[in-house]
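S.K.: One structure follows; several queries about it will come next.
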Amino acid sequence: MTKAKSPTTIIPVRRRLDVTGVNPLRARSRMRHLLHRDLLSAADLVAPILVQPDHRDPARYRYLPGAVAVSEIADYAMELNAAGVRACRVLVYGEHKTRDAADALKPDNLMIDAIQSIRNAVADMVIATEVCGCAWTDSGECVLLDSRGHTDIDGTYELMARMSVLHAQAGADIVGPAAVLDGSVQAIRFELDEAGFTDVSVTPSVIFDSALFGVYKSAMNTDPGRGNRRGFQIDPSQPGQALDQAVRWIYEGADGLLVQPVMTSVDLLTQLRGMTRAPLTAFSVSGEDQLFAAAPISVQLEYARALKRAGADLILTYGALRLARALEDSDE
């Protein structure tokens with residue numbers, strides 16, 4: 001019996017005598033303009049805001065874009081909004097770190113002040129927050145530790161869930177656990193729903209262990225005492241673990257996923273795009289921004305467009321303000 005031939009795709013080929021080296025789709029500017037679609041707009045950008053106490057020496061953090069004193073938050077939010085950036089992610093410098101991260105649950109802490117300042121300044125700004133222990137624990141860990149130095153799972157779930165409700169009450173639209181901890185999304189979702197915040201999103205971080213976080217950890221004093229977070233971040237040599245974690249979190253009730261650091265995780269971003277229709281945010285982290293600091297803005301724009309092409313719905317970047325302004329200038 002003759003085996004049936006599989007169908008083949010026929011690619012039209014111009015006759016040899018007609019090939020001039022000039023492609024008709026690229027040769028004429030009006031054809032290029034007809035086919036061009038800009039992949040990036042200011043509305044695709046999310047700006048990190050690293051909130052600082054007013055009395056902290058600015059020399060300790062000014063080298064990182066988006067790091068601003070709490071009294072300057074409203075002005076900065078309005079500046080972002082004027083440039084077309086419609087969303088921010090708020091992180092804070094915790095001054096009073098304790099074993100139980102008690103300050104994270106105070107109704108007048110730096111995070112709450114920042115959320116309320118942004119909401120009052122720009123009513124329709126989308127505000128995302130990080131619900132993580134690293135800014136508040138004296139160990140610098142994302143989780144609470146018990147008397148033996150082991151992870152207090154129940155205590156950590158409670159901390160994340162209560163932080164989430166507190167942030168939602170202040171005006172946050174999205175809360176995001178940073179530690180790669182099974183069950184965290186479920187615990188947060190349950191507590192938000194119980195408190196009546198069924199319309200607040202939960203977007204956890206699918207996060208690889210990376211040296212690219214070093215700039216942030218230095219500016220925000222969040223380096224854990226043991227020197228790494230490998231128990232709560234994914235080994236970059238194990239991308240399958242990241243994919244499995246993403247599936248678990250979607251099952252737990254995650255509304256979107258944050259991929260970081262995206263510069264070394266573009267393969268993960270693309271694979272996730274093929275697996276889910278949930279919104280994907282690519283986080284170009286602090287170390288990436290430092291690498292772009294000496295480059296023309298056109299280079300960072302090209303990178304951001306590539307992330308959109310790879311599957312990102314949104315791009316969280318320290319360069320959000322300058323990228324938005326560059327996009328505005330290119331339209332003039």
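Identifiers for the structure tokens are assigned positionally: chains receive A, B, ... in sequence, residues are indexed from 1 per chain, and ligands are indexed from 1 in the order shown.
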Please provide as a VMD selection string all residues within 7 Å of region 136-147 of chain A, with the sequence filter that same-chain residues fewer than 6 positions apart are discarded (counting only C-alpha atoms).

M.R.: chain A and resid 94 96 to 101 103 to 104 155 to 156 179 222 to 225

S.K.: Write the residues of the preceding selection, restricted to C-alpha atoms, as an mmCIF file, in the first residue's frame.

M.R.:
data_model
loop_
_atom_site.group_PDB
_atom_site.id
_atom_site.type_symbol
_atom_site.label_atom_id
_atom_site.label_comp_id
_atom_site.auth_asym_id
_atom_site.auth_seq_id
_atom_site.Cartn_x
_atom_site.Cartn_y
_atom_site.Cartn_z
ATOM 1 C CA GLY A 94 10.740 49.334 55.407
ATOM 2 C CA HIS A 96 11.337 49.060 61.287
ATOM 3 C CA LYS A 97 11.986 45.420 60.536
ATOM 4 C CA THR A 98 10.879 42.766 63.000
ATOM 5 C CA ARG A 99 10.605 39.004 63.115
ATOM 6 C CA ASP A 100 6.808 39.132 62.725
ATOM 7 C CA ALA A 101 6.812 41.961 60.115
ATOM 8 C CA ASP A 103 4.749 47.178 60.482
ATOM 9 C CA ALA A 104 3.444 45.587 57.284
ATOM 10 C CA GLY A 155 1.934 32.698 59.486
ATOM 11 C CA THR A 156 3.215 33.718 56.047
ATOM 12 C CA ALA A 179 7.712 34.638 46.973
ATOM 13 C CA THR A 222 16.022 43.761 51.271
ATOM 14 C CA ASP A 223 18.955 41.403 50.918
ATOM 15 C CA PRO A 224 18.238 38.374 53.144
ATOM 16 C CA GLY A 225 20.770 37.540 55.826
#

S.K.: Env of Ala121 (chain A): 10 Å cut, atoms = only C-alpha atoms, seq-sep filter 5 positions within chain, self excluded. Answer as a list in words.

M.R.: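 Here the qualifying residues turn out to be Ile73, Ala74, Asp75, Tyr76, Ala77, Met78, Asn81, Ile115 and Gln116 of chain A.
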
S.K.: Could you write out the selected residues, including N, CA and C atoms, as a short mmCIF file (atom, residue, chain, number, x, y, z; two decimals), in the first residue's frame?

M.R.:
data_model
loop_
_atom_site.label_atom_id
_atom_site.label_comp_id
_atom_site.auth_asym_id
_atom_site.auth_seq_id
_atom_site.Cartn_x
_atom_site.Cartn_y
_atom_site.Cartn_z
N ILE A 73 5.33 61.51 46.12
CA ILE A 73 4.62 60.46 45.38
C ILE A 73 3.51 61.03 44.50
N ALA A 74 2.73 61.94 45.03
CA ALA A 74 1.61 62.48 44.26
C ALA A 74 2.10 63.17 42.99
N ASP A 75 3.13 63.99 43.13
CA ASP A 75 3.69 64.68 41.96
C ASP A 75 4.22 63.69 40.93
N TYR A 76 4.88 62.64 41.41
CA TYR A 76 5.43 61.65 40.50
C TYR A 76 4.32 60.89 39.76
N ALA A 77 3.26 60.57 40.48
CA ALA A 77 2.13 59.89 39.85
C ALA A 77 1.50 60.75 38.77
N MET A 78 1.38 62.04 39.03
CA MET A 78 0.81 62.95 38.02
C MET A 78 1.74 63.08 36.82
N ASN A 81 1.20 59.98 34.76
CA ASN A 81 -0.09 60.06 34.08
C ASN A 81 -0.04 61.01 32.89
N ILE A 115 -0.22 54.46 48.61
CA ILE A 115 -1.41 54.10 47.83
C ILE A 115 -2.43 55.23 47.86
N GLN A 116 -2.69 55.75 49.04
CA GLN A 116 -3.70 56.81 49.17
C GLN A 116 -3.26 58.09 48.47
#

S.K.: If you run DSSP on the backbone here, which positions in region 134-326 of chain A get alpha helix (DSSP H)? Please write them as a PyMOL selection string.

M.R.: chain A and resi 153-170+184-194+214-220+239-252+266-275+286-292+297-310+320-326

S.K.: One number please: CA of Leu257 (chain A) to CA of Leu280 (chain A), in Å, one decimal.

M.R.: 5.1 Å

S.K.: May I ask which of the residues A:Arg89, A:Arg26, A:Arg230, A:Arg32 is the closest one to Ile49 (chain A), counting only C-alpha atoms?

M.R.: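 For Ile49 (chain A), the nearest of the candidates is A:Arg89.
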
S.K.: Within 7 Å of region 269-271 of chain A, counting only C-alpha atoms, which residues qualify if same-chain residues fewer than 4 places away don't, as a list in words?

M.R.: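 Counting only C-alpha atoms, the residues come to Val259, Ser265, Met275, Ala310 and Gly311 of chain A.
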
S.K.: Pull C-alpha atoms from the residues just selected and write them as a PDB file, in the first residue's frame.

M.R.:
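Saved as result_4.pdb:
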ATOM      1  CA  VAL A 259       7.526  37.269  34.828  1.00  0.00           C
ATOM      2  CA  SER A 265      13.223  34.765  30.941  1.00  0.00           C
ATOM      3  CA  MET A 275      -0.308  28.210  27.536  1.00  0.00           C
ATOM      4  CA  ALA A 310       7.365  37.727  22.730  1.00  0.00           C
ATOM      5  CA  GLY A 311       3.954  37.769  24.413  1.00  0.00           C
TER       6      GLY A 311
END

S.K.: Report as a PDB file with C-alpha atoms, in the first residue's frame all protein, DNA and RNA residues lying within 12 Å of Asp44 (chain A), evaluated on only C-alpha atoms, omitting residues in the same chain fewer than 4 positions from it.

M.R.:
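Wrote result-v9.pdb, looks like this:
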ATOM      1  CA  ASP A  38       3.805  50.021  16.451  1.00  0.00           C
ATOM      2  CA  LEU A  39       3.864  47.280  19.050  1.00  0.00           C
ATOM      3  CA  LEU A  40       4.348  49.647  21.967  1.00  0.00           C
ATOM      4  CA  GLY A  84       0.463  58.363  29.334  1.00  0.00           C
ATOM      5  CA  VAL A  85       1.556  55.732  31.875  1.00  0.00           C
ATOM      6  CA  ARG A  86      -1.636  54.402  33.412  1.00  0.00           C
ATOM      7  CA  ALA A  87      -0.349  51.922  35.968  1.00  0.00           C
ATOM      8  CA  CYS A  88       2.260  51.630  38.709  1.00  0.00           C
ATOM      9  CA  PRO A 279      -2.508  38.863  31.223  1.00  0.00           C
ATOM     10  CA  LEU A 280       1.272  38.558  31.319  1.00  0.00           C
ATOM     11  CA  THR A 281       3.453  41.364  32.669  1.00  0.00           C
ATOM     12  CA  ALA A 282       7.145  41.348  31.798  1.00  0.00           C
ATOM     13  CA  ALA A 304      10.396  46.788  25.016  1.00  0.00           C
ATOM     14  CA  ARG A 305       8.880  46.151  21.599  1.00  0.00           C
ATOM     15  CA  LEU A 307       9.003  41.874  24.850  1.00  0.00           C
ATOM     16  CA  LYS A 308       5.588  42.746  23.448  1.00  0.00           C
ATOM     17  CA  ALA A 312       3.862  40.453  27.110  1.00  0.00           C
ATOM     18  CA  ASP A 313       0.621  42.365  27.591  1.00  0.00           C
ATOM     19  CA  LEU A 314       2.292  44.890  29.890  1.00  0.00           C
ATOM     20  CA  ILE A 315       5.889  45.869  30.607  1.00  0.00           C
ATOM     21  CA  LEU A 316       6.885  46.824  34.132  1.00  0.00           C
ATOM     22  CA  THR A 317      10.058  48.858  33.761  1.00  0.00           C
ATOM     23  CA  ALA A 320       8.594  53.678  31.967  1.00  0.00           C
ATOM     24  CA  LEU A 321       8.666  57.476  32.173  1.00  0.00           C
ATOM     25  CA  LEU A 323      10.084  55.389  27.320  1.00  0.00           C
ATOM     26  CA  ALA A 324       6.672  57.051  27.409  1.00  0.00           C
ATOM     27  CA  LEU A 327       7.117  57.439  22.325  1.00  0.00           C
TER      28      LEU A 327
END

S.K.: Report the closest atom pair, with its distance in Å rounded to one decimal, for each residue of region 30-53 of chain A that has an atom no farther than 8 Å from region 106-114 of chain A; count only C-alpha atoms, sort by chain and then rising residue number, and write it as a Markdown table.

M.R.:
| residue | atom | partner | partner_atom | distance |
| --- | --- | --- | --- | --- |
| A:Val51 | CA | A:Ala114 | CA | 7.1 |
| A:Gln52 | CA | A:Leu110 | CA | 7.9 |
| A:Pro53 | CA | A:Leu110 | CA | 7.4 |

S.K.: Restricting the calculation to only C-alpha atoms, which member of A:Ala306, A:Ala294, A:Leu243, A:Ile127 is positioned closest to Val266 (chain A)?

M.R.: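 Among A:Ala306, A:Ala294, A:Leu243, A:Ile127, it is A:Ala306 that comes nearest to Val266 (chain A).
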
S.K.: Report as a ChimeraX atom specification: the residues of region 21-245 of chain A with a DSSP assignment of strand (DSSP E), based on the backbone of this structure.

M.R.: /A:45-52,67-69,87-92,126-130,174-176,201-202,205-207

S.K.: Put those residues in a file: N, CA and C atoms, as an mmCIF file, in the first residue's frame.

M.R.:
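Output file out12.cif is given in full below:
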data_model
loop_
_atom_site.group_PDB
_atom_site.id
_atom_site.type_symbol
_atom_site.label_atom_id
_atom_site.label_comp_id
_atom_site.auth_asym_id
_atom_site.auth_seq_id
_atom_site.Cartn_x
_atom_site.Cartn_y
_atom_site.Cartn_z
ATOM 1 N N LEU A 45 2.917 50.367 29.459
ATOM 2 C CA LEU A 45 3.991 50.467 30.448
ATOM 3 C C LEU A 45 3.446 50.572 31.866
ATOM 4 N N VAL A 46 4.134 49.931 32.786
ATOM 5 C CA VAL A 46 3.830 50.031 34.214
ATOM 6 C C VAL A 46 5.102 50.516 34.909
ATOM 7 N N ALA A 47 4.958 51.500 35.775
ATOM 8 C CA ALA A 47 6.130 52.095 36.434
ATOM 9 C C ALA A 47 6.280 51.591 37.872
ATOM 10 N N PRO A 48 7.441 51.058 38.231
ATOM 11 C CA PRO A 48 7.679 50.774 39.649
ATOM 12 C C PRO A 48 7.841 52.092 40.413
ATOM 13 N N ILE A 49 7.246 52.170 41.580
ATOM 14 C CA ILE A 49 7.452 53.312 42.467
ATOM 15 C C ILE A 49 8.013 52.767 43.777
ATOM 16 N N LEU A 50 9.241 53.160 44.085
ATOM 17 C CA LEU A 50 9.937 52.676 45.270
ATOM 18 C C LEU A 50 9.856 53.760 46.341
ATOM 19 N N VAL A 51 8.910 53.620 47.230
ATOM 20 C CA VAL A 51 8.579 54.672 48.191
ATOM 21 C C VAL A 51 9.603 54.708 49.324
ATOM 22 N N GLN A 52 10.078 55.934 49.600
ATOM 23 C CA GLN A 52 11.111 56.147 50.617
ATOM 24 C C GLN A 52 10.590 57.056 51.735
ATOM 25 N N ALA A 67 12.452 55.707 42.496
ATOM 26 C CA ALA A 67 12.628 55.746 43.943
ATOM 27 C C ALA A 67 12.412 57.183 44.407
ATOM 28 N N VAL A 68 11.328 57.430 45.115
ATOM 29 C CA VAL A 68 10.959 58.797 45.496
ATOM 30 C C VAL A 68 10.483 58.846 46.940
ATOM 31 N N ALA A 69 10.693 59.980 47.579
ATOM 32 C CA ALA A 69 10.218 60.187 48.945
ATOM 33 C C ALA A 69 8.693 60.202 48.958
ATOM 34 N N ALA A 87 -0.438 52.894 34.877
ATOM 35 C CA ALA A 87 -0.349 51.922 35.968
ATOM 36 C C ALA A 87 0.999 52.008 36.662
ATOM 37 N N CYS A 88 1.012 51.660 37.939
ATOM 38 C CA CYS A 88 2.260 51.630 38.709
ATOM 39 C C CYS A 88 2.244 50.435 39.644
ATOM 40 N N ARG A 89 3.422 50.038 40.074
ATOM 41 C CA ARG A 89 3.557 48.982 41.091
ATOM 42 C C ARG A 89 4.334 49.581 42.255
ATOM 43 N N VAL A 90 3.742 49.561 43.421
ATOM 44 C CA VAL A 90 4.302 50.235 44.588
ATOM 45 C C VAL A 90 5.067 49.245 45.464
ATOM 46 N N LEU A 91 6.307 49.620 45.778
ATOM 47 C CA LEU A 91 7.145 48.881 46.719
ATOM 48 C C LEU A 91 7.684 49.898 47.715
ATOM 49 N N VAL A 92 7.977 49.461 48.919
ATOM 50 C CA VAL A 92 8.376 50.427 49.937
ATOM 51 C C VAL A 92 9.649 50.010 50.658
ATOM 52 N N VAL A 126 -4.041 52.764 37.760
ATOM 53 C CA VAL A 126 -4.080 51.386 38.246
ATOM 54 C C VAL A 126 -2.908 51.196 39.205
ATOM 55 N N ILE A 127 -3.211 50.787 40.423
ATOM 56 C CA ILE A 127 -2.189 50.638 41.456
ATOM 57 C C ILE A 127 -2.025 49.165 41.807
ATOM 58 N N ALA A 128 -0.819 48.671 41.598
ATOM 59 C CA ALA A 128 -0.461 47.316 42.014
ATOM 60 C C ALA A 128 0.495 47.414 43.195
ATOM 61 N N THR A 129 0.433 46.444 44.084
ATOM 62 C CA THR A 129 1.338 46.433 45.238
ATOM 63 C C THR A 129 1.994 45.065 45.357
ATOM 64 N N GLU A 130 3.070 45.040 46.129
ATOM 65 C CA GLU A 130 3.731 43.779 46.423
ATOM 66 C C GLU A 130 3.400 43.378 47.848
ATOM 67 N N ILE A 174 -4.480 45.757 42.296
ATOM 68 C CA ILE A 174 -3.801 44.478 42.093
ATOM 69 C C ILE A 174 -2.868 44.251 43.273
ATOM 70 N N VAL A 175 -2.845 43.028 43.783
ATOM 71 C CA VAL A 175 -1.851 42.668 44.789
ATOM 72 C C VAL A 175 -1.028 41.512 44.238
ATOM 73 N N GLY A 176 0.263 41.504 44.599
ATOM 74 C CA GLY A 176 1.150 40.517 44.010
ATOM 75 C C GLY A 176 2.102 39.886 44.998
ATOM 76 N N SER A 201 -7.469 42.196 41.826
ATOM 77 C CA SER A 201 -6.758 41.118 41.157
ATOM 78 C C SER A 201 -5.567 40.617 41.973
ATOM 79 N N VAL A 202 -5.228 39.344 41.752
ATOM 80 C CA VAL A 202 -4.038 38.754 42.346
ATOM 81 C C VAL A 202 -3.101 38.334 41.211
ATOM 82 N N SER A 205 4.290 36.507 41.108
ATOM 83 C CA SER A 205 5.509 36.580 40.303
ATOM 84 C C SER A 205 6.065 35.190 40.029
ATOM 85 N N VAL A 206 6.213 34.875 38.748
ATOM 86 C CA VAL A 206 6.968 33.693 38.346
ATOM 87 C C VAL A 206 8.402 34.196 38.202
ATOM 88 N N ILE A 207 9.224 33.884 39.178
ATOM 89 C CA ILE A 207 10.475 34.615 39.336
ATOM 90 C C ILE A 207 11.675 33.677 39.419
#

S.K.: Quick one: residues within 12 Å of Glu194 (chain A), only C-alpha atoms, excluding same-chain residues fewer than 4 positions away - as a list in words?

M.R.: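 That gives Ala161, Arg162, Ser164, Val165, Ala187, Ile188, Arg189, Phe190, Thr198, Asp199 and Val200 of chain A.
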
S.K.: Expressed in Å to a single decimal, how great is the separation between CA of Gly149 (chain A) and CA of Gln241 (chain A)?

M.R.: 25.1 Å

S.K.: Have a look at CA of Gln186 (chain A) and CA of Ala254 (chain A) and let me know their distance in Å, one decimal.

M.R.: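 Result for CA of Gln186 (chain A) versus CA of Ala254 (chain A): 8.1 Å, one decimal.
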